[in-house]
>>> print(open('my_file_18.txt').read())   # compact mmCIF, C-alpha atoms
# COMPACT_ATOMS: atom_id res chain seq x y z
CA MET A 632 140.04 -16.47 -236.99
CA LYS A 633 143.15 -14.30 -236.67
CA ASN A 634 142.95 -10.74 -235.42
CA SER A 635 144.31 -8.23 -237.91
CA ILE A 636 146.59 -5.63 -236.31
CA VAL A 637 147.97 -2.52 -238.01
CA ILE A 638 151.07 -1.04 -236.37
CA ALA A 639 152.27 2.50 -236.97
CA GLY A 640 156.03 2.94 -236.69
CA GLY A 641 159.07 0.85 -237.54
CA GLY A 642 161.38 1.75 -234.65
CA ILE A 643 162.37 -0.59 -231.84
CA GLY A 644 158.92 -0.39 -230.24
CA GLY A 645 157.08 -1.00 -233.49
CA LEU A 646 159.22 -3.98 -234.48
CA ALA A 647 158.94 -5.47 -230.98
CA ALA A 648 155.16 -5.04 -231.05
CA ALA A 649 154.91 -6.61 -234.50
CA LEU A 650 157.00 -9.59 -233.38
CA ARG A 651 154.95 -10.26 -230.26
CA CYS A 652 151.58 -9.71 -231.95
CA ALA A 653 152.63 -12.19 -234.65
CA GLN A 654 153.79 -14.67 -232.02
CA ALA A 655 150.36 -14.29 -230.41
CA GLY A 656 148.76 -15.40 -233.67
CA ALA A 657 147.71 -12.05 -235.13
CA ASP A 658 147.86 -11.03 -238.77
CA VAL A 659 150.21 -8.03 -238.57
CA ARG A 660 150.80 -5.16 -241.00
CA LEU A 661 153.45 -2.61 -240.04
CA TYR A 662 153.80 0.79 -241.73
CA GLU A 663 156.94 2.91 -241.55
CA ARG A 664 157.17 6.34 -243.18
CA ALA A 665 160.94 6.10 -243.87
CA SER A 666 162.38 4.49 -246.97
CA ALA A 667 164.36 1.90 -244.99
CA PHE A 668 164.20 0.17 -241.63
CA THR A 669 166.93 2.05 -239.80
CA GLU A 670 167.34 3.43 -236.30
CA VAL A 671 168.56 6.91 -235.40
CA GLY A 672 170.68 7.34 -232.30
CA ALA A 673 173.64 5.60 -230.76
CA GLY A 674 173.94 3.35 -227.72
CA ILE A 675 171.33 2.18 -225.25
CA GLN A 676 171.53 0.30 -221.98
CA ILE A 677 169.34 -2.76 -221.46
CA GLY A 678 168.68 -3.95 -217.93
CA PRO A 679 167.86 -7.53 -216.86
CA ASN A 680 164.13 -6.75 -217.02
CA VAL A 681 164.55 -6.36 -220.80
CA THR A 682 167.25 -8.92 -221.64
CA ARG A 683 165.08 -11.51 -219.90
CA ILE A 684 162.30 -10.75 -222.40
CA LEU A 685 164.63 -10.77 -225.41
CA GLN A 686 165.99 -14.14 -224.34
CA ALA A 687 162.44 -15.50 -224.06
CA TRP A 688 161.82 -14.30 -227.62
CA GLY A 689 164.73 -16.44 -228.82
CA LEU A 690 167.18 -13.56 -229.31
CA ALA A 691 169.83 -14.55 -226.75
CA ALA A 692 172.41 -15.71 -229.32
CA GLY A 693 171.89 -12.69 -231.55
CA LEU A 694 172.16 -10.36 -228.58
CA GLN A 695 175.38 -11.96 -227.40
CA ALA A 696 176.93 -11.50 -230.85
CA VAL A 697 176.51 -7.71 -230.93
CA ALA A 698 176.12 -6.43 -227.37
CA ALA A 699 178.69 -5.53 -224.72
CA TYR A 700 178.47 -6.96 -221.21
CA PRO A 701 179.93 -4.40 -218.78
CA ALA A 702 181.21 -5.68 -215.46
CA GLN A 703 180.14 -2.64 -213.46
CA LEU A 704 178.57 0.79 -213.31
CA GLN A 705 180.92 3.36 -211.81
CA VAL A 706 179.87 6.84 -210.67
CA ARG A 707 182.49 9.59 -210.56
CA GLN A 708 182.45 13.28 -209.70
CA ALA A 709 182.81 15.38 -212.84
CA GLY A 710 184.86 18.01 -211.01
CA SER A 711 187.32 15.89 -209.05
CA GLY A 712 187.18 12.55 -210.85
CA GLN A 713 186.68 10.80 -207.51
CA VAL A 714 184.75 7.52 -207.58
CA THR A 715 181.65 7.85 -205.40
CA GLY A 716 179.79 4.62 -206.10
CA GLN A 717 179.89 1.27 -207.88
CA LEU A 718 177.24 -1.25 -208.93
CA ARG A 719 178.47 -4.65 -210.07
CA PHE A 720 176.91 -6.24 -213.15
CA GLY A 721 178.27 -9.38 -214.83
CA ALA A 722 177.80 -12.60 -212.91
CA GLU A 723 176.38 -10.76 -209.87
CA ALA A 724 173.58 -9.16 -211.87
CA PHE A 725 172.83 -12.50 -213.48
CA ALA A 726 172.70 -14.18 -210.08
CA ARG A 727 170.36 -11.48 -208.72
CA TYR A 728 168.02 -11.24 -211.68
CA GLY A 729 168.53 -14.28 -213.90
CA ALA A 730 169.51 -12.14 -216.88
CA PRO A 731 172.45 -9.88 -217.80
CA TYR A 732 172.86 -6.13 -218.02
CA VAL A 733 174.02 -5.24 -221.53
CA THR A 734 174.87 -2.18 -223.59
CA ILE A 735 174.16 -2.17 -227.31
CA HIS A 736 174.12 0.05 -230.36
CA ARG A 737 170.51 1.04 -231.03
CA ALA A 738 170.85 0.02 -234.68
CA ASP A 739 172.07 -3.47 -233.67
CA LEU A 740 169.02 -4.08 -231.46
CA HIS A 741 166.79 -2.78 -234.25
CA GLN A 742 168.41 -5.20 -236.71
CA LEU A 743 167.97 -8.15 -234.32
CA LEU A 744 164.25 -7.45 -234.08
CA LEU A 745 163.92 -6.92 -237.82
CA GLU A 746 165.63 -10.23 -238.60
CA ALA A 747 163.40 -12.02 -236.09
CA LEU A 748 160.34 -10.49 -237.79
CA GLN A 749 161.52 -11.51 -241.22
CA MET A 750 161.99 -15.07 -239.99
CA GLN A 751 158.49 -14.97 -238.49
CA GLY A 752 157.16 -14.66 -242.03
CA ALA A 753 153.54 -13.75 -241.26
CA VAL A 754 154.15 -10.01 -240.96
CA SER A 755 153.70 -7.47 -243.75
CA LEU A 756 156.43 -4.81 -243.52
CA ASN A 757 155.66 -1.64 -245.49
CA LEU A 758 158.07 1.27 -246.08
CA ASN A 759 157.42 4.77 -247.44
CA GLN A 760 153.92 4.72 -246.00
CA SER A 761 152.70 6.66 -242.98
CA ILE A 762 149.45 6.46 -241.06
CA GLY A 763 147.66 9.79 -241.10
CA GLY A 764 144.53 8.95 -239.13
CA TYR A 765 141.87 6.39 -238.34
CA SER A 766 138.11 6.01 -237.98
CA PRO A 767 136.57 3.65 -235.42
CA GLN A 768 134.14 1.12 -236.93
CA ASN A 769 131.60 -1.17 -235.26
CA ASN A 770 133.94 -4.15 -235.25
CA GLY A 771 137.28 -2.66 -236.17
CA VAL A 772 139.27 0.36 -237.23
CA GLN A 773 139.58 1.98 -240.63
CA VAL A 774 143.11 3.34 -241.06
CA GLN A 775 144.00 6.09 -243.52
CA LEU A 776 147.49 6.28 -245.02
CA ASP A 777 148.90 9.61 -246.16
CA GLU A 778 149.45 8.06 -249.56
CA GLY A 779 145.69 7.73 -250.06
CA LEU A 780 145.14 4.08 -249.21
CA THR A 781 142.57 2.93 -246.67
CA LEU A 782 143.04 -0.17 -244.53
CA ASN A 783 140.57 -2.16 -242.45
CA ALA A 784 141.82 -3.86 -239.30
CA ASP A 785 140.61 -5.23 -236.02
CA ALA A 786 142.96 -2.92 -234.07
CA LEU A 787 145.55 -0.18 -234.50
CA VAL A 788 148.73 0.10 -232.41
CA GLY A 789 150.49 3.46 -232.38
CA ALA A 790 154.20 2.84 -231.91
CA ASP A 791 155.07 5.95 -233.90
CA GLY A 792 157.28 7.64 -231.35
CA LEU A 793 157.48 10.90 -229.46
CA TRP A 794 155.49 12.88 -232.04
CA SER A 795 152.89 10.15 -232.54
CA ARG A 796 150.03 11.00 -234.88
CA VAL A 797 148.01 8.09 -233.53
CA ARG A 798 148.32 9.56 -230.04
CA ALA A 799 147.37 13.02 -231.27
CA GLN A 800 144.05 11.68 -232.53
CA LEU A 801 143.40 9.26 -229.68
CA LEU A 802 144.15 11.63 -226.79
CA GLY A 803 144.10 15.08 -228.40
CA ASP A 804 146.63 16.37 -225.89
CA ALA A 805 149.49 18.86 -226.18
CA PRO A 806 152.75 17.93 -227.90
CA ALA A 807 155.65 16.50 -225.90
CA ARG A 808 157.51 19.05 -223.79
CA PHE A 809 161.15 20.12 -223.89
CA SER A 810 162.82 19.14 -220.62
CA GLY A 811 165.40 21.93 -220.60
CA HIS A 812 168.16 19.37 -221.13
CA LEU A 813 170.34 18.85 -224.19
CA ALA A 814 172.11 15.57 -224.99
CA TYR A 815 175.37 15.70 -226.94
CA ARG A 816 176.11 12.26 -228.43
CA ALA A 817 179.15 10.63 -229.98
CA LEU A 818 180.52 7.21 -230.87
CA LEU A 819 184.27 6.60 -230.65
CA VAL A 820 186.30 3.69 -232.02
CA GLN A 821 188.03 2.33 -228.92
CA ALA A 822 191.12 1.16 -230.82
CA ASP A 823 191.75 4.77 -231.85
CA LEU A 824 191.68 6.05 -228.26
CA PRO A 825 194.57 6.25 -225.80
CA ALA A 826 194.55 3.26 -223.48
CA ALA A 827 193.50 5.42 -220.53
CA LEU A 828 190.25 6.37 -222.26
CA ARG A 829 189.19 2.90 -223.35
CA SER A 830 186.57 1.21 -221.19
CA GLN A 831 184.37 -1.86 -221.04
CA ASP A 832 182.35 -0.52 -218.09
CA VAL A 833 179.54 1.98 -217.70
CA THR A 834 180.82 5.23 -216.17
CA VAL A 835 178.60 8.13 -215.14
CA TRP A 836 180.23 11.47 -214.36
CA MET A 837 177.97 13.73 -212.27
CA GLY A 838 178.28 17.45 -211.68
CA PRO A 839 176.18 20.60 -211.18
CA GLN A 840 173.56 20.74 -213.96
CA LEU A 841 175.39 18.12 -216.01
CA HIS A 842 176.31 14.50 -216.33
CA VAL A 843 178.27 12.45 -218.84
CA VAL A 844 177.78 8.73 -219.42
CA GLN A 845 180.09 6.40 -221.35
CA TYR A 846 179.80 2.70 -222.11
CA PRO A 847 180.87 0.16 -224.74
CA VAL A 848 178.68 -0.99 -227.63
CA ARG A 849 179.13 -3.32 -230.62
CA SER A 850 180.86 -5.99 -228.52
CA GLY A 851 183.13 -3.32 -227.03
CA GLU A 852 184.46 -2.05 -230.36
CA LEU A 853 182.86 1.37 -229.91
CA LEU A 854 182.52 3.69 -226.93
CA ASN A 855 179.21 5.52 -226.66
CA VAL A 856 179.50 8.94 -225.01
CA VAL A 857 176.54 11.14 -224.04
CA ALA A 858 176.91 14.50 -222.27
CA ILE A 859 173.68 16.00 -220.94
CA VAL A 860 173.59 19.65 -219.93
CA HIS A 861 171.00 22.36 -219.39
CA GLY A 862 170.28 24.66 -222.32
CA GLN A 863 167.88 26.22 -224.77
CA ALA A 864 165.79 24.16 -227.16
CA PRO A 865 166.79 24.07 -230.83
CA GLN A 866 164.15 25.23 -233.28
CA ASP A 867 163.34 21.70 -234.45
CA LEU A 868 162.49 19.59 -231.41
CA ALA A 869 161.52 16.58 -233.50
CA SER A 870 165.05 15.78 -234.71
CA TRP A 871 167.41 13.46 -232.86
CA ASP A 872 170.33 14.50 -234.96
CA HIS A 873 171.20 18.20 -234.91
CA SER A 874 174.73 19.30 -235.66
CA ALA A 875 176.46 20.45 -232.49
CA ASN A 876 179.19 22.88 -231.57
CA ALA A 877 181.84 21.46 -229.22
CA ALA A 878 182.48 24.94 -227.82
CA ASP A 879 178.83 25.18 -226.69
CA LEU A 880 179.16 21.89 -224.84
CA GLN A 881 182.43 22.94 -223.21
CA ARG A 882 180.85 26.17 -221.96
CA ALA A 883 177.96 24.23 -220.48
CA LEU A 884 180.27 21.71 -218.79
CA GLY A 885 182.63 24.31 -217.34
CA ALA A 886 185.74 23.08 -215.56
CA VAL A 887 185.87 19.29 -215.23
CA CYS A 888 188.59 16.91 -214.06
CA PRO A 889 191.45 16.04 -216.45
CA ALA A 890 190.18 12.50 -217.10
CA LEU A 891 186.74 13.69 -218.17
CA GLN A 892 188.21 16.58 -220.12
CA ALA A 893 190.42 14.17 -222.05
CA LEU A 894 187.36 12.13 -222.99
CA ILE A 895 185.48 15.24 -224.15
CA ASP A 896 188.50 16.40 -226.16
CA ALA A 897 188.76 12.99 -227.88
CA VAL A 898 185.39 13.45 -229.57
CA PRO A 899 185.88 14.75 -233.13
CA ALA A 900 182.21 15.71 -233.64
CA TRP A 901 179.06 15.81 -231.53
CA ARG A 902 175.42 15.38 -232.50
CA LEU A 903 172.72 17.14 -230.50
CA TRP A 904 169.44 15.71 -229.28
CA PRO A 905 166.93 17.87 -227.34
CA VAL A 906 165.54 15.77 -224.49
CA CYS A 907 161.73 15.80 -224.52
CA ASP A 908 159.20 13.90 -222.47
CA ARG A 909 155.66 13.95 -221.12
CA PRO A 910 154.35 14.04 -217.56
CA PRO A 911 153.96 10.60 -215.96
CA MET A 912 150.86 8.72 -217.04
CA LEU A 913 147.72 9.17 -214.96
CA SER A 914 145.45 6.37 -216.18
CA ALA A 915 145.11 3.32 -218.39
CA THR A 916 143.15 5.37 -220.95
CA GLU A 917 146.46 6.94 -221.99
CA LEU A 918 147.51 3.50 -223.29
CA ALA A 919 144.37 2.13 -224.92
CA GLN A 920 140.83 3.08 -225.80
CA GLY A 921 138.54 0.73 -227.68
CA ARG A 922 140.50 -0.83 -230.53
CA VAL A 923 143.39 1.63 -230.53
CA ALA A 924 146.47 1.21 -228.30
CA LEU A 925 149.71 3.11 -227.82
CA LEU A 926 153.15 1.70 -227.06
CA GLY A 927 156.61 3.01 -226.13
CA ASP A 928 157.41 6.68 -226.70
CA ALA A 929 154.02 7.29 -228.28
CA ALA A 930 152.49 6.57 -224.87
CA HIS A 931 155.11 7.44 -222.25
CA PRO A 932 158.24 9.21 -223.51
CA MET A 933 160.69 9.57 -220.65
CA ARG A 934 163.95 11.25 -219.81
CA PRO A 935 167.02 9.05 -220.18
CA TYR A 936 167.98 9.00 -216.47
CA MET A 937 166.71 5.46 -215.93
CA ALA A 938 168.06 4.12 -219.25
CA GLN A 939 164.64 2.52 -219.84
CA GLY A 940 163.06 4.22 -222.85
CA ALA A 941 163.59 1.28 -225.21
CA GLY A 942 163.17 -1.11 -222.30
CA MET A 943 159.65 0.04 -221.48
CA ALA A 944 158.68 -0.23 -225.17
CA ILE A 945 159.89 -3.85 -225.19
CA GLU A 946 158.04 -4.57 -221.94
CA ASP A 947 154.92 -3.01 -223.50
CA ALA A 948 155.27 -5.21 -226.57
CA ASP A 949 155.63 -8.35 -224.47
CA ALA A 950 152.56 -7.48 -222.41
CA LEU A 951 150.57 -6.69 -225.56
CA GLY A 952 151.43 -10.07 -227.04
CA ARG A 953 150.40 -11.90 -223.87
CA CYS A 954 147.09 -10.02 -223.73
CA LEU A 955 146.30 -10.73 -227.39
CA ALA A 956 146.87 -14.43 -226.69
CA MET A 957 144.17 -14.42 -223.98
CA THR A 958 141.16 -16.58 -224.74
CA GLY A 959 137.54 -16.02 -223.81
CA THR A 960 137.61 -12.25 -224.24
CA ASP A 961 137.22 -9.85 -227.14
CA LEU A 962 139.90 -7.61 -228.62
CA PRO A 963 138.89 -4.33 -226.90
CA ALA A 964 138.97 -6.14 -223.56
CA GLN A 965 142.41 -7.55 -224.38
CA LEU A 966 143.71 -4.05 -225.15
CA ALA A 967 142.13 -2.69 -221.98
CA HIS A 968 143.85 -5.44 -220.00
CA TYR A 969 147.16 -4.51 -221.64
CA ALA A 970 146.67 -0.88 -220.58
CA GLN A 971 145.80 -1.83 -217.00
CA GLN A 972 148.89 -4.04 -216.78
CA ARG A 973 151.28 -1.39 -218.03
CA TRP A 974 150.29 2.16 -217.15
CA GLN A 975 151.32 2.25 -213.48
CA ARG A 976 154.74 0.73 -214.09
CA ASN A 977 155.39 3.11 -216.97
CA ALA A 978 154.31 6.06 -214.82
CA ARG A 979 156.66 4.95 -212.05
CA VAL A 980 159.62 4.76 -214.41
CA GLN A 981 158.74 8.16 -215.92
CA GLN A 982 158.60 9.72 -212.46
CA ARG A 983 161.81 8.06 -211.31
CA ALA A 984 163.59 9.25 -214.46
CA ILE A 985 162.62 12.86 -213.69
CA ARG A 986 163.81 12.46 -210.10
CA ASN A 987 167.08 10.85 -211.18
CA GLY A 988 167.78 13.79 -213.47
CA GLN A 989 167.45 16.12 -210.51
CA ILE A 990 169.80 13.93 -208.47
CA PHE A 991 172.36 13.50 -211.24
CA HIS A 992 172.54 17.27 -211.82
CA ALA A 993 172.28 18.32 -208.17
CA ARG A 994 174.23 21.27 -206.81
CA GLY A 995 175.28 22.29 -203.30
CA LEU A 996 173.99 20.29 -200.35
CA MET A 997 171.88 18.00 -202.49
CA GLY A 998 174.92 17.06 -204.59
CA TRP A 999 176.98 16.51 -201.44
CA GLY A 1000 174.24 14.29 -200.00
CA ARG A 1001 174.05 12.27 -203.20
CA ASP A 1002 177.78 11.57 -203.16
CA ALA A 1003 177.78 10.76 -199.45
CA ALA A 1004 174.92 8.29 -199.83
CA MET A 1005 176.70 6.52 -202.68
CA ARG A 1006 179.93 6.25 -200.68
CA LEU A 1007 178.18 4.89 -197.60
CA LEU A 1008 175.54 2.64 -199.15
CA GLY A 1009 176.95 2.01 -202.63
CA GLN A 1010 175.13 -0.81 -204.34
CA LYS A 1011 172.06 -0.53 -202.09
CA VAL A 1012 171.43 2.99 -203.38
CA MET A 1013 172.26 2.31 -207.02
CA ASP A 1014 170.54 -1.03 -207.60
CA VAL A 1015 166.87 -1.03 -208.69
CA PRO A 1016 165.33 -4.42 -207.81
CA TRP A 1017 161.73 -3.31 -208.40
CA LEU A 1018 162.71 -2.43 -211.97
CA TYR A 1019 165.13 -5.22 -212.85
CA ASN A 1020 162.95 -7.99 -211.43
CA GLY A 1021 160.42 -7.11 -214.10
CA PRO A 1022 156.73 -6.21 -214.09
>>> encode(input="my_file_18.txt", output="structure tokens")
Amino acid sequence: MKNSIVIAGGGIGGLAAALRCAQAGADVRLYERASAFTEVGAGIQIGPNVTRILQAWGLAAGLQAVAAYPAQLQVRQAGSGQVTGQLRFGAEAFARYGAPYVTIHRADLHQLLLEALQMQGAVSLNLNQSIGGYSPQNNGVQVQLDEGLTLNADALVGADGLWSRVRAQLLGDAPARFSGHLAYRALLVQADLPAALRSQDVTVWMGPQLHVVQYPVRSGELLNVVAIVHGQAPQDLASWDHSANAADLQRALGAVCPALQALIDAVPAWRLWPVCDRPPMLSATELAQGRVALLGDAAHPMRPYMAQGAGMAIEDADALGRCLAMTGTDLPAQLAHYAQQRWQRNARVQQRAIRNGQIFHARGLMGWGRDAAMRLLGQKVMDVPWLYNGP
């Protein structure tokens, strides 16, 4: 008999979880509060640990049609423009890890997963419906929708993001915290840019209390630009899409080199995202208890300095599917096994993301040491084998 799984949230994590649970033989019902399956945001980077999973799910051709495949990551000083380090991707990354490093528009990855789900067929996708709470039962979970409906399922998966209502009931902890960092985001059409500003690589500009990252998406047609600076939280922390004032960003950046300034000046309009996270996970109970599990940002929201937020959600989904396919054990034990498999790796990435933010934004001697280490050791400092080799 099939397990029935209810999934809260129709973002990348929710769609990935629905796909893998269905592939594991579960009867899946997904509920999304929005009126359409869309994704807010811009570009994301996907390391070999994640592209390897997507390829195993049969999405290699779809990924190749919409992603960009940068040849390298280049680190430059924001003030001088000097190159301090390089990490080669392309064929070298594939040779090291058996999968490519890609950059992709968030909406394109979301659409790939949605199309794969629709082809799967055995998944019920429900819009304009949000999960308000749940009640544990002897052999299942009763799920309450805000619209007044009640559902019965064998398990509930909360993939409902940073402000997860499933998490709020399961763990009863404080809301996510503001990191003190603000991300200004923009997408530029590369054909409209001067030749000197166009790029098919990932470039990270680092300076005191700031960094700017740029990389291609949509097969290189667009350039994703994100500038992260220190600042005060906007009133609404839950929105990814605040209007932004270019003058505020320029004040926060201060004086930067001409090349970076030209890139900043080329942006016609910025959107603002307050960066929020939670402390690194401390135990498996933060991922699953009984017949309720969490996944992605609902469980372990992280700062963007490892470029692994979406990646960890996809890894979670893959592990969840493998655990649900286990035989000889009941569903609560399968969810507990999922939590034990995932929590320490997620905590490590959360912690490393916090540390990377401190390094990226370092001032004085720490900033000098960062640049010196990159010049001397280059790829050895910048590569992350423990991450890219997968869990």
>>> residues_near_point(input="my_file_18.txt", point="(142.2, -7.3, -223.5)", cutoff="12 Å", atoms="all atoms listed in the file", output="number ranges by chain")
A: 786, 919-924, 950-972
>>> closest_residue(input="my_file_18.txt", among="A:Gln831, A:Gln800, A:Asn770, A:Thr781", to="Leu704 in chain A", atoms="only C-alpha atoms")
A:Gln831
>>> atom_distance(input="my_file_18.txt", atom1="CA of Gly712 in chain A", atom2="CA of Arg882 in chain A")
18.7 Å
>>> closest_residue(input="my_file_18.txt", among="A:Leu776, A:Ile945, A:Ala897, A:Cys888", to="Val637 in chain A", atoms="only C-alpha atoms")
A:Leu776
>>> atom_distance(input="my_file_18.txt", atom1="CA of Ala698 in chain A", atom2="CA of Tyr732 in chain A")
9.9 Å
>>> residues_around(input="my_file_18.txt", residues="Leu828 in chain A", least_positions_apart="2", cutoff="12 Å", atoms="all atoms listed in the file", output="ChimeraX atom specification")
/A:819-826,830-832,834,845-847,853-856,889-898
>>> atom_distance(input="my_file_18.txt", atom1="CA of Pro910 in chain A", atom2="CA of Leu1018 in chain A")
19.3 Å
>>> closest_residue(input="my_file_18.txt", among="A:Gln695, A:Asp785, A:Ala702, A:Ala722", to="Met632 in chain A", atoms="only C-alpha atoms")
A:Asp785
>>> residues_around(input="my_file_18.txt", residues="Ile675 in chain A", least_positions_apart="2", cutoff="7 Å", atoms="all atoms listed in the file", output="list in words")
Ala673, Ile677, Thr734, Ile735, His736 and Arg737 of chain A
>>> closest_residue(input="my_file_18.txt", among="A:Met912, A:Val706, A:Ala984, A:Leu884", to="Arg1001 in chain A", atoms="all atoms listed in the file")
A:Val706
>>> closest_residue(input="my_file_18.txt", among="A:Ala709, A:Leu868, A:Ala900, A:Leu745", to="Gly885 in chain A", atoms="all atoms listed in the file")
A:Ala709
